Every structure is written in C-alpha cells, then in structure tokens.
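Raw contents of upload-v5.pdb, PDB, C-alpha atoms:
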ATOM      1  CA  MET A  10     -16.839  -1.796  -8.248  1.00  0.00           C
ATOM      2  CA  ILE A  11     -13.980  -3.737  -9.838  1.00  0.00           C
ATOM      3  CA  ALA A  12     -10.969  -1.607  -8.869  1.00  0.00           C
ATOM      4  CA  ASN A  13      -9.523   0.288 -11.808  1.00  0.00           C
ATOM      5  CA  THR A  14      -5.902  -0.471 -10.955  1.00  0.00           C
ATOM      6  CA  PRO A  15      -2.960   0.595 -13.152  1.00  0.00           C
ATOM      7  CA  THR A  16      -0.717  -1.701 -15.193  1.00  0.00           C
ATOM      8  CA  PRO A  17       1.159  -4.131 -12.896  1.00  0.00           C
ATOM      9  CA  PRO A  18       3.342  -4.385 -10.914  1.00  0.00           C
ATOM     10  CA  TYR A  19       1.546  -3.106  -7.805  1.00  0.00           C
ATOM     11  CA  TYR A  20       0.617  -4.640  -4.462  1.00  0.00           C
ATOM     12  CA  ALA A  21      -2.557  -6.304  -3.184  1.00  0.00           C
ATOM     13  CA  VAL A  22      -3.323  -6.682   0.519  1.00  0.00           C
ATOM     14  CA  ILE A  23      -5.741  -9.601   0.802  1.00  0.00           C
ATOM     15  CA  PHE A  24      -7.667  -9.473   4.078  1.00  0.00           C
ATOM     16  CA  THR A  25      -9.880 -12.508   4.698  1.00  0.00           C
ATOM     17  CA  SER A  26     -11.966 -12.561   7.865  1.00  0.00           C
ATOM     18  CA  ILE A  27     -14.645 -14.261   9.937  1.00  0.00           C
ATOM     19  CA  ARG A  28     -16.762 -11.880  12.014  1.00  0.00           C
ATOM     20  CA  THR A  29     -17.886 -12.363  15.588  1.00  0.00           C
ATOM     21  CA  LYS A  30     -21.490 -11.508  16.413  1.00  0.00           C
ATOM     22  CA  GLU A  31     -20.429  -8.223  18.052  1.00  0.00           C
ATOM     23  CA  ASP A  32     -21.815  -5.113  16.365  1.00  0.00           C
ATOM     24  CA  ARG A  33     -20.245  -2.058  18.111  1.00  0.00           C
ATOM     25  CA  ASP A  34     -20.503   0.141  15.019  1.00  0.00           C
ATOM     26  CA  TYR A  35     -18.594  -2.313  12.836  1.00  0.00           C
ATOM     27  CA  GLU A  36     -20.158  -1.112   9.569  1.00  0.00           C
ATOM     28  CA  LYS A  37     -19.535   2.515  10.468  1.00  0.00           C
ATOM     29  CA  ILE A  38     -15.895   1.860  11.343  1.00  0.00           C
ATOM     30  CA  ALA A  39     -15.322  -0.291   8.238  1.00  0.00           C
ATOM     31  CA  PHE A  40     -16.747   2.489   6.064  1.00  0.00           C
ATOM     32  CA  ARG A  41     -14.607   5.087   7.838  1.00  0.00           C
ATOM     33  CA  MET A  42     -11.477   2.971   7.277  1.00  0.00           C
ATOM     34  CA  GLU A  43     -12.271   2.684   3.583  1.00  0.00           C
ATOM     35  CA  GLU A  44     -12.657   6.455   3.337  1.00  0.00           C
ATOM     36  CA  LEU A  45      -9.372   6.961   5.183  1.00  0.00           C
ATOM     37  CA  ALA A  46      -7.510   4.414   3.034  1.00  0.00           C
ATOM     38  CA  LYS A  47      -8.608   6.279  -0.097  1.00  0.00           C
ATOM     39  CA  LYS A  48      -6.801   9.369   1.156  1.00  0.00           C
ATOM     40  CA  GLN A  49      -3.522   7.533   1.791  1.00  0.00           C
ATOM     41  CA  GLU A  50      -0.556   8.049  -0.480  1.00  0.00           C
ATOM     42  CA  GLY A  51      -0.075   5.100  -2.839  1.00  0.00           C
ATOM     43  CA  TYR A  52      -3.694   3.887  -2.551  1.00  0.00           C
ATOM     44  CA  LEU A  53      -4.873   2.371  -5.856  1.00  0.00           C
ATOM     45  CA  GLY A  54      -8.271   0.861  -5.115  1.00  0.00           C
ATOM     46  CA  ILE A  55     -10.364  -1.475  -2.973  1.00  0.00           C
ATOM     47  CA  GLU A  56     -12.684  -4.445  -3.548  1.00  0.00           C
ATOM     48  CA  SER A  57     -14.829  -6.000  -0.880  1.00  0.00           C
ATOM     49  CA  ALA A  58     -17.502  -8.687  -0.382  1.00  0.00           C
ATOM     50  CA  ARG A  59     -18.854 -10.622   2.571  1.00  0.00           C
ATOM     51  CA  GLU A  60     -20.833 -13.845   2.366  1.00  0.00           C
ATOM     52  CA  GLY A  61     -20.100 -15.576   5.663  1.00  0.00           C
ATOM     53  CA  LEU A  62     -16.429 -15.177   4.811  1.00  0.00           C
ATOM     54  CA  GLY A  63     -15.392 -11.550   4.293  1.00  0.00           C
ATOM     55  CA  ILE A  64     -12.796 -10.638   1.677  1.00  0.00           C
ATOM     56  CA  THR A  65     -11.359  -7.146   1.321  1.00  0.00           C
ATOM     57  CA  ILE A  66      -8.536  -6.489  -1.111  1.00  0.00           C
ATOM     58  CA  SER A  67      -6.827  -3.115  -1.106  1.00  0.00           C
ATOM     59  CA  TYR A  68      -4.359  -2.218  -3.835  1.00  0.00           C
ATOM     60  CA  TRP A  69      -1.223  -0.165  -3.268  1.00  0.00           C
ATOM     61  CA  LYS A  70       1.639   1.350  -5.207  1.00  0.00           C
ATOM     62  CA  ASP A  71       4.421  -0.110  -3.049  1.00  0.00           C
ATOM     63  CA  LEU A  72       5.318  -1.707   0.304  1.00  0.00           C
ATOM     64  CA  GLU A  73       6.084   1.701   1.798  1.00  0.00           C
ATOM     65  CA  SER A  74       2.495   2.905   1.282  1.00  0.00           C
ATOM     66  CA  ILE A  75       1.152  -0.359   2.809  1.00  0.00           C
ATOM     67  CA  LYS A  76       3.395   0.151   5.844  1.00  0.00           C
ATOM     68  CA  LYS A  77       2.209   3.745   6.291  1.00  0.00           C
ATOM     69  CA  TRP A  78      -1.424   2.708   6.079  1.00  0.00           C
ATOM     70  CA  LYS A  79      -0.864  -0.095   8.597  1.00  0.00           C
ATOM     71  CA  GLU A  80       0.625   2.430  11.023  1.00  0.00           C
ATOM     72  CA  GLN A  81      -1.931   5.208  10.485  1.00  0.00           C
ATOM     73  CA  THR A  82      -3.148   6.255  13.961  1.00  0.00           C
ATOM     74  CA  GLU A  83      -6.894   5.826  13.500  1.00  0.00           C
ATOM     75  CA  HIS A  84      -6.348   2.617  11.553  1.00  0.00           C
ATOM     76  CA  LEU A  85      -4.230   1.203  14.419  1.00  0.00           C
ATOM     77  CA  LEU A  86      -7.160   1.764  16.759  1.00  0.00           C
ATOM     78  CA  ALA A  87      -9.532   0.032  14.317  1.00  0.00           C
ATOM     79  CA  GLN A  88      -7.112  -2.915  14.091  1.00  0.00           C
ATOM     80  CA  GLU A  89      -7.192  -3.215  17.882  1.00  0.00           C
ATOM     81  CA  MET A  90     -11.017  -3.162  17.849  1.00  0.00           C
ATOM     82  CA  GLY A  91     -10.883  -5.791  15.124  1.00  0.00           C
ATOM     83  CA  LYS A  92      -8.916  -8.155  17.333  1.00  0.00           C
ATOM     84  CA  GLU A  93     -10.856  -7.334  20.484  1.00  0.00           C
ATOM     85  CA  TYR A  94     -14.402  -7.376  19.098  1.00  0.00           C
ATOM     86  CA  PHE A  95     -15.031  -7.762  15.366  1.00  0.00           C
ATOM     87  CA  TYR A  96     -13.145 -10.818  14.163  1.00  0.00           C
ATOM     88  CA  SER A  97     -12.945 -14.368  15.435  1.00  0.00           C
ATOM     89  CA  SER A  98     -10.156 -14.971  12.903  1.00  0.00           C
ATOM     90  CA  TYR A  99      -8.488 -13.328   9.946  1.00  0.00           C
ATOM     91  CA  LYS A 100      -5.561 -13.654   7.594  1.00  0.00           C
ATOM     92  CA  THR A 101      -3.719 -10.806   5.880  1.00  0.00           C
ATOM     93  CA  ARG A 102      -1.644 -11.600   2.813  1.00  0.00           C
ATOM     94  CA  ILE A 103       0.734  -9.120   1.215  1.00  0.00           C
ATOM     95  CA  SER A 104       1.113  -9.930  -2.461  1.00  0.00           C
ATOM     96  CA  LEU A 105       2.747  -8.477  -5.549  1.00  0.00           C
ATOM     97  CA  VAL A 106       0.417  -8.354  -8.563  1.00  0.00           C
ATOM     98  CA  GLN A 107       2.508  -9.324 -11.563  1.00  0.00           C
ATOM     99  CA  ARG A 108      -0.092  -9.595 -14.342  1.00  0.00           C
ATOM    100  CA  ASP A 109      -3.763  -8.886 -14.883  1.00  0.00           C
ATOM    101  CA  TYR A 110      -6.455  -9.517 -17.505  1.00  0.00           C
ATOM    102  CA  THR A 111      -9.706  -7.651 -17.922  1.00  0.00           C
ATOM    103  CA  PHE A 112     -12.935  -8.722 -19.592  1.00  0.00           C
ATOM    104  CA  GLU A 113     -15.759  -6.309 -20.450  1.00  0.00           C
ATOM    105  CA  LYS A 114     -18.890  -7.534 -22.170  1.00  0.00           C
ATOM    106  CA  LYS A 115     -19.403  -5.574 -25.359  1.00  0.00           C
ATOM    107  CA  GLN A 116     -22.920  -6.653 -26.093  1.00  0.00           C
ATOM    108  CA  VAL A 117     -25.935  -7.390 -23.929  1.00  0.00           C
ATOM    109  CA  HIS A 118     -27.663 -10.648 -24.830  1.00  0.00           C
ATOM    110  CA  ALA A 119     -31.364 -10.573 -25.528  1.00  0.00           C
ATOM    111  CA  LYS A 120     -33.275 -12.890 -23.216  1.00  0.00           C
TER     112      LYS A 120
ATOM    113  CA  MET B   6     -13.246 -21.075   5.298  1.00  0.00           C
ATOM    114  CA  ILE B   7     -10.081 -18.987   5.494  1.00  0.00           C
ATOM    115  CA  ALA B   8      -7.697 -20.987   3.296  1.00  0.00           C
ATOM    116  CA  ASN B   9      -5.030 -22.785   5.278  1.00  0.00           C
ATOM    117  CA  THR B  10      -2.172 -21.869   2.960  1.00  0.00           C
ATOM    118  CA  PRO B  11       1.474 -22.754   3.652  1.00  0.00           C
ATOM    119  CA  THR B  12       4.263 -20.339   4.528  1.00  0.00           C
ATOM    120  CA  PRO B  13       4.837 -17.838   1.667  1.00  0.00           C
ATOM    121  CA  PRO B  14       5.919 -17.501  -1.047  1.00  0.00           C
ATOM    122  CA  TYR B  15       3.021 -18.905  -3.084  1.00  0.00           C
ATOM    123  CA  TYR B  16       0.653 -17.452  -5.679  1.00  0.00           C
ATOM    124  CA  ALA B  17      -2.832 -15.944  -5.430  1.00  0.00           C
ATOM    125  CA  VAL B  18      -5.147 -15.647  -8.430  1.00  0.00           C
ATOM    126  CA  ILE B  19      -7.588 -12.848  -7.598  1.00  0.00           C
ATOM    127  CA  PHE B  20     -10.731 -13.108  -9.718  1.00  0.00           C
ATOM    128  CA  THR B  21     -13.139 -10.187  -9.276  1.00  0.00           C
ATOM    129  CA  SER B  22     -16.386 -10.278 -11.216  1.00  0.00           C
ATOM    130  CA  ILE B  23     -19.778  -8.728 -11.893  1.00  0.00           C
ATOM    131  CA  ARG B  24     -22.479 -11.236 -12.881  1.00  0.00           C
ATOM    132  CA  THR B  25     -25.068 -10.835 -15.599  1.00  0.00           C
ATOM    133  CA  LYS B  26     -28.642 -11.873 -14.788  1.00  0.00           C
ATOM    134  CA  GLU B  27     -28.225 -15.120 -16.757  1.00  0.00           C
ATOM    135  CA  ASP B  28     -28.587 -18.283 -14.685  1.00  0.00           C
ATOM    136  CA  ARG B  29     -27.772 -21.266 -16.974  1.00  0.00           C
ATOM    137  CA  ASP B  30     -26.560 -23.452 -14.098  1.00  0.00           C
ATOM    138  CA  TYR B  31     -24.014 -20.882 -12.918  1.00  0.00           C
ATOM    139  CA  GLU B  32     -23.945 -22.118  -9.318  1.00  0.00           C
ATOM    140  CA  LYS B  33     -23.609 -25.723 -10.444  1.00  0.00           C
ATOM    141  CA  ILE B  34     -20.736 -24.903 -12.808  1.00  0.00           C
ATOM    142  CA  ALA B  35     -18.984 -22.692 -10.241  1.00  0.00           C
ATOM    143  CA  PHE B  36     -19.193 -25.516  -7.693  1.00  0.00           C
ATOM    144  CA  ARG B  37     -17.908 -28.021 -10.239  1.00  0.00           C
ATOM    145  CA  MET B  38     -14.943 -25.760 -11.079  1.00  0.00           C
ATOM    146  CA  GLU B  39     -14.076 -25.464  -7.404  1.00  0.00           C
ATOM    147  CA  GLU B  40     -14.140 -29.244  -7.048  1.00  0.00           C
ATOM    148  CA  LEU B  41     -11.952 -29.614 -10.151  1.00  0.00           C
ATOM    149  CA  ALA B  42      -9.469 -26.944  -8.989  1.00  0.00           C
ATOM    150  CA  LYS B  43      -9.009 -28.838  -5.715  1.00  0.00           C
ATOM    151  CA  LYS B  44      -7.773 -31.853  -7.671  1.00  0.00           C
ATOM    152  CA  GLN B  45      -5.195 -29.870  -9.640  1.00  0.00           C
ATOM    153  CA  GLU B  46      -1.515 -30.204  -8.889  1.00  0.00           C
ATOM    154  CA  GLY B  47      -0.210 -27.218  -6.951  1.00  0.00           C
ATOM    155  CA  TYR B  48      -3.636 -26.173  -5.616  1.00  0.00           C
ATOM    156  CA  LEU B  49      -3.340 -24.692  -2.102  1.00  0.00           C
ATOM    157  CA  GLY B  50      -6.795 -23.347  -1.281  1.00  0.00           C
ATOM    158  CA  ILE B  51      -9.714 -21.136  -2.279  1.00  0.00           C
ATOM    159  CA  GLU B  52     -11.690 -18.269  -0.721  1.00  0.00           C
ATOM    160  CA  SER B  53     -14.856 -16.860  -2.177  1.00  0.00           C
ATOM    161  CA  ALA B  54     -17.591 -14.306  -1.428  1.00  0.00           C
ATOM    162  CA  ARG B  55     -20.196 -12.459  -3.480  1.00  0.00           C
ATOM    163  CA  GLU B  56     -22.035  -9.337  -2.390  1.00  0.00           C
ATOM    164  CA  GLY B  57     -22.890  -7.631  -5.657  1.00  0.00           C
ATOM    165  CA  LEU B  58     -19.195  -7.843  -6.500  1.00  0.00           C
ATOM    166  CA  GLY B  59     -17.868 -11.407  -6.528  1.00  0.00           C
ATOM    167  CA  ILE B  60     -14.362 -12.166  -5.307  1.00  0.00           C
ATOM    168  CA  THR B  61     -12.739 -15.582  -5.660  1.00  0.00           C
ATOM    169  CA  ILE B  62      -9.121 -16.070  -4.699  1.00  0.00           C
ATOM    170  CA  SER B  63      -7.425 -19.354  -5.480  1.00  0.00           C
ATOM    171  CA  TYR B  64      -3.987 -20.103  -4.106  1.00  0.00           C
ATOM    172  CA  TRP B  65      -1.305 -22.016  -6.004  1.00  0.00           C
ATOM    173  CA  LYS B  66       2.172 -23.372  -5.515  1.00  0.00           C
ATOM    174  CA  ASP B  67       3.684 -21.805  -8.643  1.00  0.00           C
ATOM    175  CA  LEU B  68       2.950 -20.206 -12.028  1.00  0.00           C
ATOM    176  CA  GLU B  69       3.146 -23.584 -13.749  1.00  0.00           C
ATOM    177  CA  SER B  70       0.201 -24.954 -11.750  1.00  0.00           C
ATOM    178  CA  ILE B  71      -1.816 -21.775 -12.505  1.00  0.00           C
ATOM    179  CA  LYS B  72      -1.087 -22.203 -16.217  1.00  0.00           C
ATOM    180  CA  LYS B  73      -2.171 -25.866 -16.146  1.00  0.00           C
ATOM    181  CA  TRP B  74      -5.423 -25.000 -14.360  1.00  0.00           C
ATOM    182  CA  LYS B  75      -6.121 -22.191 -16.838  1.00  0.00           C
ATOM    183  CA  GLU B  76      -5.715 -24.669 -19.698  1.00  0.00           C
ATOM    184  CA  GLN B  77      -7.647 -27.561 -18.130  1.00  0.00           C
ATOM    185  CA  THR B  78     -10.202 -28.700 -20.728  1.00  0.00           C
ATOM    186  CA  GLU B  79     -13.402 -28.460 -18.697  1.00  0.00           C
ATOM    187  CA  HIS B  80     -12.213 -25.199 -17.147  1.00  0.00           C
ATOM    188  CA  LEU B  81     -11.627 -23.728 -20.631  1.00  0.00           C
ATOM    189  CA  LEU B  82     -15.250 -24.451 -21.470  1.00  0.00           C
ATOM    190  CA  ALA B  83     -16.401 -22.811 -18.227  1.00  0.00           C
ATOM    191  CA  GLN B  84     -14.266 -19.753 -19.038  1.00  0.00           C
ATOM    192  CA  GLU B  85     -16.014 -19.482 -22.415  1.00  0.00           C
ATOM    193  CA  MET B  86     -19.428 -19.730 -20.728  1.00  0.00           C
ATOM    194  CA  GLY B  87     -18.250 -17.059 -18.304  1.00  0.00           C
ATOM    195  CA  LYS B  88     -17.550 -14.622 -21.118  1.00  0.00           C
ATOM    196  CA  GLU B  89     -20.618 -15.560 -23.119  1.00  0.00           C
ATOM    197  CA  TYR B  90     -23.203 -15.692 -20.324  1.00  0.00           C
ATOM    198  CA  PHE B  91     -22.174 -15.300 -16.697  1.00  0.00           C
ATOM    199  CA  TYR B  92     -20.108 -12.138 -16.399  1.00  0.00           C
ATOM    200  CA  SER B  93     -20.633  -8.592 -17.576  1.00  0.00           C
ATOM    201  CA  SER B  94     -17.070  -7.834 -16.507  1.00  0.00           C
ATOM    202  CA  TYR B  95     -14.199  -9.361 -14.602  1.00  0.00           C
ATOM    203  CA  LYS B  96     -10.569  -8.873 -13.754  1.00  0.00           C
ATOM    204  CA  THR B  97      -8.024 -11.605 -13.044  1.00  0.00           C
ATOM    205  CA  ARG B  98      -4.870 -10.680 -11.170  1.00  0.00           C
ATOM    206  CA  ILE B  99      -1.908 -13.036 -10.790  1.00  0.00           C
ATOM    207  CA  SER B 100      -0.007 -12.166  -7.637  1.00  0.00           C
ATOM    208  CA  LEU B 101       2.863 -13.502  -5.580  1.00  0.00           C
ATOM    209  CA  VAL B 102       2.087 -13.702  -1.852  1.00  0.00           C
ATOM    210  CA  GLN B 103       5.228 -12.600  -0.037  1.00  0.00           C
ATOM    211  CA  ARG B 104       4.086 -12.418   3.592  1.00  0.00           C
ATOM    212  CA  ASP B 105       1.050 -13.296   5.654  1.00  0.00           C
ATOM    213  CA  TYR B 106      -0.266 -12.767   9.187  1.00  0.00           C
ATOM    214  CA  THR B 107      -2.919 -14.784  10.955  1.00  0.00           C
ATOM    215  CA  PHE B 108      -5.152 -13.861  13.883  1.00  0.00           C
ATOM    216  CA  GLU B 109      -7.200 -16.400  15.864  1.00  0.00           C
ATOM    217  CA  LYS B 110      -9.338 -15.304  18.795  1.00  0.00           C
ATOM    218  CA  LYS B 111      -8.326 -17.261  21.873  1.00  0.00           C
ATOM    219  CA  GLN B 112     -11.215 -16.306  24.075  1.00  0.00           C
ATOM    220  CA  VAL B 113     -14.896 -15.746  23.450  1.00  0.00           C
ATOM    221  CA  HIS B 114     -16.208 -12.539  25.011  1.00  0.00           C
ATOM    222  CA  ALA B 115     -19.221 -12.748  27.280  1.00  0.00           C
ATOM    223  CA  LYS B 116     -22.047 -10.573  25.998  1.00  0.00           C
TER     224      LYS B 116
END
Represent the structure from my file as structure tokens, please.
Amino acid sequence: MIANTPTPPYYAVIFTSIRTKEDRDYEKIAFRMEELAKKQEGYLGIESAREGLGITISYWKDLESIKKWKEQTEHLLAQEMGKEYFYSSYKTRISLVQRDYTFEKKQVHAK
Amino acid sequence: MIANTPTPPYYAVIFTSIRTKEDRDYEKIAFRMEELAKKQEGYLGIESAREGLGITISYWKDLESIKKWKEQTEHLLAQEMGKEYFYSSYKTRISLVQRDYTFEKKQVHAK
C-alpha cells in the first residue's frame, strides 16, 4: 500500500480534498480513475486515504506524463464531475521528490 | 483542513505509514508532535488522514527548517518510538512543491 517508487527524482501530485455529500457513483469513478492512471505512461504509484480530509498522492516519472494524465479524455470528464458534484474544495500540488527514506520493521514484537 | 500554504515554491514532507497494533499512547504522541511542529520555524501547514494507510504531509519553507524539525529533541524520541513500536513500515519523501491549484465551490447544490 506504500507506493514502491523508484530512486528519486520523480514527481508527486498531492491532491487534498473535502467531499460534498453527493454520492453519484463517486467511489466507482474514483476507482475507475485509479485503474486508468495505472495504465498511463510514466505512472509510478498511488497512495490514498480519507478521514474527513481526503489525500491522494500519485507519483509520476516527469511533468510530461502528469500533463498527459491531466488531459486524458475520461479523466477530464471526472475532473468536471469533481468540481460540479464531488468536492466542496480541493488543492492540487505538483512537487518534485528529491529524496526518500524507507523503514521496514525486521522483527515483530511479542505482546 | 486543507493547509493554507503560500505561493510555491515550498517543501512538502510526505510521510506514508502502516501502523502496528501497538497503542502505547500513539494518538497522544502524534497530536503532541503536530503541536510541536506548528511551533517550528518555517512550518507552513499539515494535512493528515489514515484509512489503513496513513498519510501525513507537512509543509515547510525550506530544507533548513525540515532539517531542524527532524533533529528536534522530542521529535527524535518520537521517531525512535515510531520505529520501535508504532510503524511496521513507512516512507518519507522530501519534495519541492513547484505549482499548486485550488478549487473552492462557490455555490451549494440543492438536493
């Protein structure tokens, strides 16, 4: 579930959002968008959680692949639905990942 | 709840984690760290959600302020507890936010 991204540099698109109460197949469309993103050139991974605030971070090889994904036809339609129905507010941040550190527990503690 | 960050460029520290089942005052310590971070020089905001996967993004003015926060005494102790007890795995990504876009709904739709 933690995205297995390559050695930096690469890009992260940080999408932070507040949902409206509208349903209109939101979950279905969000899932579909994730499936579509995975097929895009330059896609490196995705991480997502919602707890009141929703955070979705998608990782990309370069700005060109982010631009192509932003302009993908079905994704454009979903973005319009997002503004019209799904989100009361959101912020998208395009960022360049310069360094990363990973921790993996080697040993499980006995209770 | 969406962090009101200034015009880019600024930095985002993306911390993605999987928790263990250990409690040991995790919520209390996480809250305390958030309060401490807010007092650090160069702190710009924080966004957080957990849904199985936990994502916390803190925003900073520059790399120097990130370094100082990483080395803050009480935070160092919390990082050790994180590795020892709280997390089975995590990834920290240091990224430079280059652009951002904000959407705010102007009008509430009638049901």
Would you mind listing what lies within 7 Å of Ile51 (chain B) as a PDB file with C-alpha atoms, in the frame of the given file, with only C-alpha atoms counted and same-chain residues fewer than 6 positions away left out?
ATOM      1  CA  ALA B   8      -7.697 -20.987   3.296  1.00  0.00           C
ATOM      2  CA  ILE B  62      -9.121 -16.070  -4.699  1.00  0.00           C
ATOM      3  CA  SER B  63      -7.425 -19.354  -5.480  1.00  0.00           C
ATOM      4  CA  TYR B  64      -3.987 -20.103  -4.106  1.00  0.00           C
TER       5      TYR B  64
END
Problem set entry | Output of the PyMOL selection byres ((chain B) within 9 of (chain A)), listed as number ranges by chain | B: 6-8, 16-17, 21-23, 27, 52-61, 88-90, 92-111, 113-114, 116
So for region 92-109 of chain B, what box centre and size do we get, axis-aligned, 6 Å extra on each of the six sides, every listed atom, Å to one decimal, as lines of an AutoDock Vina configuration file?
center_x = -7.7
center_y = -12.1
center_z = -0.9
size_x = 37.9
size_y = 20.6
size_z = 45.4
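The gap separating CA of Glu44 (chain A) from CA of Ser74 (chain A) is 15.7 Å, in Å to one decimal.
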Exercise. Can you list, as number ranges by chain, every protein, DNA or RNA residue that comes within 7 Å of Leu49 (chain B) when you count all atoms listed in the file, leaving out same-chain residues fewer than 4 positions away?
Worked result: B: 10, 64-66
For this session: Decode the PyMOL selection byres ((chain A and resi 82-85) around 12) for the given file into explicit residues and return them as a PyMOL selection string.
Result: chain A and resi 38-46+49+75-81+86-92
Can you write just those residues out, C-alpha atoms, as a PDB file, in the coordinates of the input?
ATOM      1  CA  ILE A  38     -15.895   1.860  11.343  1.00  0.00           C
ATOM      2  CA  ALA A  39     -15.322  -0.291   8.238  1.00  0.00           C
ATOM      3  CA  PHE A  40     -16.747   2.489   6.064  1.00  0.00           C
ATOM      4  CA  ARG A  41     -14.607   5.087   7.838  1.00  0.00           C
ATOM      5  CA  MET A  42     -11.477   2.971   7.277  1.00  0.00           C
ATOM      6  CA  GLU A  43     -12.271   2.684   3.583  1.00  0.00           C
ATOM      7  CA  GLU A  44     -12.657   6.455   3.337  1.00  0.00           C
ATOM      8  CA  LEU A  45      -9.372   6.961   5.183  1.00  0.00           C
ATOM      9  CA  ALA A  46      -7.510   4.414   3.034  1.00  0.00           C
ATOM     10  CA  GLN A  49      -3.522   7.533   1.791  1.00  0.00           C
ATOM     11  CA  ILE A  75       1.152  -0.359   2.809  1.00  0.00           C
ATOM     12  CA  LYS A  76       3.395   0.151   5.844  1.00  0.00           C
ATOM     13  CA  LYS A  77       2.209   3.745   6.291  1.00  0.00           C
ATOM     14  CA  TRP A  78      -1.424   2.708   6.079  1.00  0.00           C
ATOM     15  CA  LYS A  79      -0.864  -0.095   8.597  1.00  0.00           C
ATOM     16  CA  GLU A  80       0.625   2.430  11.023  1.00  0.00           C
ATOM     17  CA  GLN A  81      -1.931   5.208  10.485  1.00  0.00           C
ATOM     18  CA  LEU A  86      -7.160   1.764  16.759  1.00  0.00           C
ATOM     19  CA  ALA A  87      -9.532   0.032  14.317  1.00  0.00           C
ATOM     20  CA  GLN A  88      -7.112  -2.915  14.091  1.00  0.00           C
ATOM     21  CA  GLU A  89      -7.192  -3.215  17.882  1.00  0.00           C
ATOM     22  CA  MET A  90     -11.017  -3.162  17.849  1.00  0.00           C
ATOM     23  CA  GLY A  91     -10.883  -5.791  15.124  1.00  0.00           C
ATOM     24  CA  LYS A  92      -8.916  -8.155  17.333  1.00  0.00           C
TER      25      LYS A  92
END
From the block I gave, I'd like region 28-40 of chain B written with N, CA and C atoms, as a PDB file, in the first residue's frame.
ATOM      1  N   ASP B  28      -0.427   0.225  20.862  1.00  0.00           N
ATOM      2  CA  ASP B  28      -1.039   1.510  21.164  1.00  0.00           C
ATOM      3  C   ASP B  28       0.009   2.448  21.769  1.00  0.00           C
ATOM      4  N   ARG B  29       0.360   2.205  23.050  1.00  0.00           N
ATOM      5  CA  ARG B  29       1.397   2.994  23.745  1.00  0.00           C
ATOM      6  C   ARG B  29       1.260   4.494  23.521  1.00  0.00           C
ATOM      7  N   ASP B  30       0.077   5.014  23.690  1.00  0.00           N
ATOM      8  CA  ASP B  30      -0.160   6.467  23.577  1.00  0.00           C
ATOM      9  C   ASP B  30       0.146   7.034  22.194  1.00  0.00           C
ATOM     10  N   TYR B  31      -0.034   6.243  21.163  1.00  0.00           N
ATOM     11  CA  TYR B  31       0.274   6.727  19.805  1.00  0.00           C
ATOM     12  C   TYR B  31      -0.445   8.025  19.461  1.00  0.00           C
ATOM     13  N   GLU B  32      -1.769   8.033  19.680  1.00  0.00           N
ATOM     14  CA  GLU B  32      -2.569   9.211  19.318  1.00  0.00           C
ATOM     15  C   GLU B  32      -2.088  10.457  20.060  1.00  0.00           C
ATOM     16  N   LYS B  33      -1.784  10.254  21.344  1.00  0.00           N
ATOM     17  CA  LYS B  33      -1.335  11.357  22.190  1.00  0.00           C
ATOM     18  C   LYS B  33      -0.002  11.910  21.670  1.00  0.00           C
ATOM     19  N   ILE B  34       0.904  11.007  21.330  1.00  0.00           N
ATOM     20  CA  ILE B  34       2.230  11.419  20.846  1.00  0.00           C
ATOM     21  C   ILE B  34       2.122  12.071  19.463  1.00  0.00           C
ATOM     22  N   ALA B  35       1.284  11.504  18.604  1.00  0.00           N
ATOM     23  CA  ALA B  35       1.087  12.079  17.267  1.00  0.00           C
ATOM     24  C   ALA B  35       0.542  13.506  17.368  1.00  0.00           C
ATOM     25  N   PHE B  36      -0.421  13.688  18.281  1.00  0.00           N
ATOM     26  CA  PHE B  36      -1.009  15.013  18.496  1.00  0.00           C
ATOM     27  C   PHE B  36       0.034  15.994  19.019  1.00  0.00           C
ATOM     28  N   ARG B  37       0.825  15.514  19.981  1.00  0.00           N
ATOM     29  CA  ARG B  37       1.895  16.331  20.557  1.00  0.00           C
ATOM     30  C   ARG B  37       2.905  16.749  19.484  1.00  0.00           C
ATOM     31  N   MET B  38       3.254  15.831  18.592  1.00  0.00           N
ATOM     32  CA  MET B  38       4.224  16.144  17.533  1.00  0.00           C
ATOM     33  C   MET B  38       3.661  17.207  16.581  1.00  0.00           C
ATOM     34  N   GLU B  39       2.363  17.094  16.311  1.00  0.00           N
ATOM     35  CA  GLU B  39       1.732  18.085  15.443  1.00  0.00           C
ATOM     36  C   GLU B  39       1.782  19.476  16.088  1.00  0.00           C
ATOM     37  N   GLU B  40       1.495  19.500  17.390  1.00  0.00           N
ATOM     38  CA  GLU B  40       1.535  20.777  18.112  1.00  0.00           C
ATOM     39  C   GLU B  40       2.950  21.360  18.112  1.00  0.00           C
TER      40      GLU B  40
END
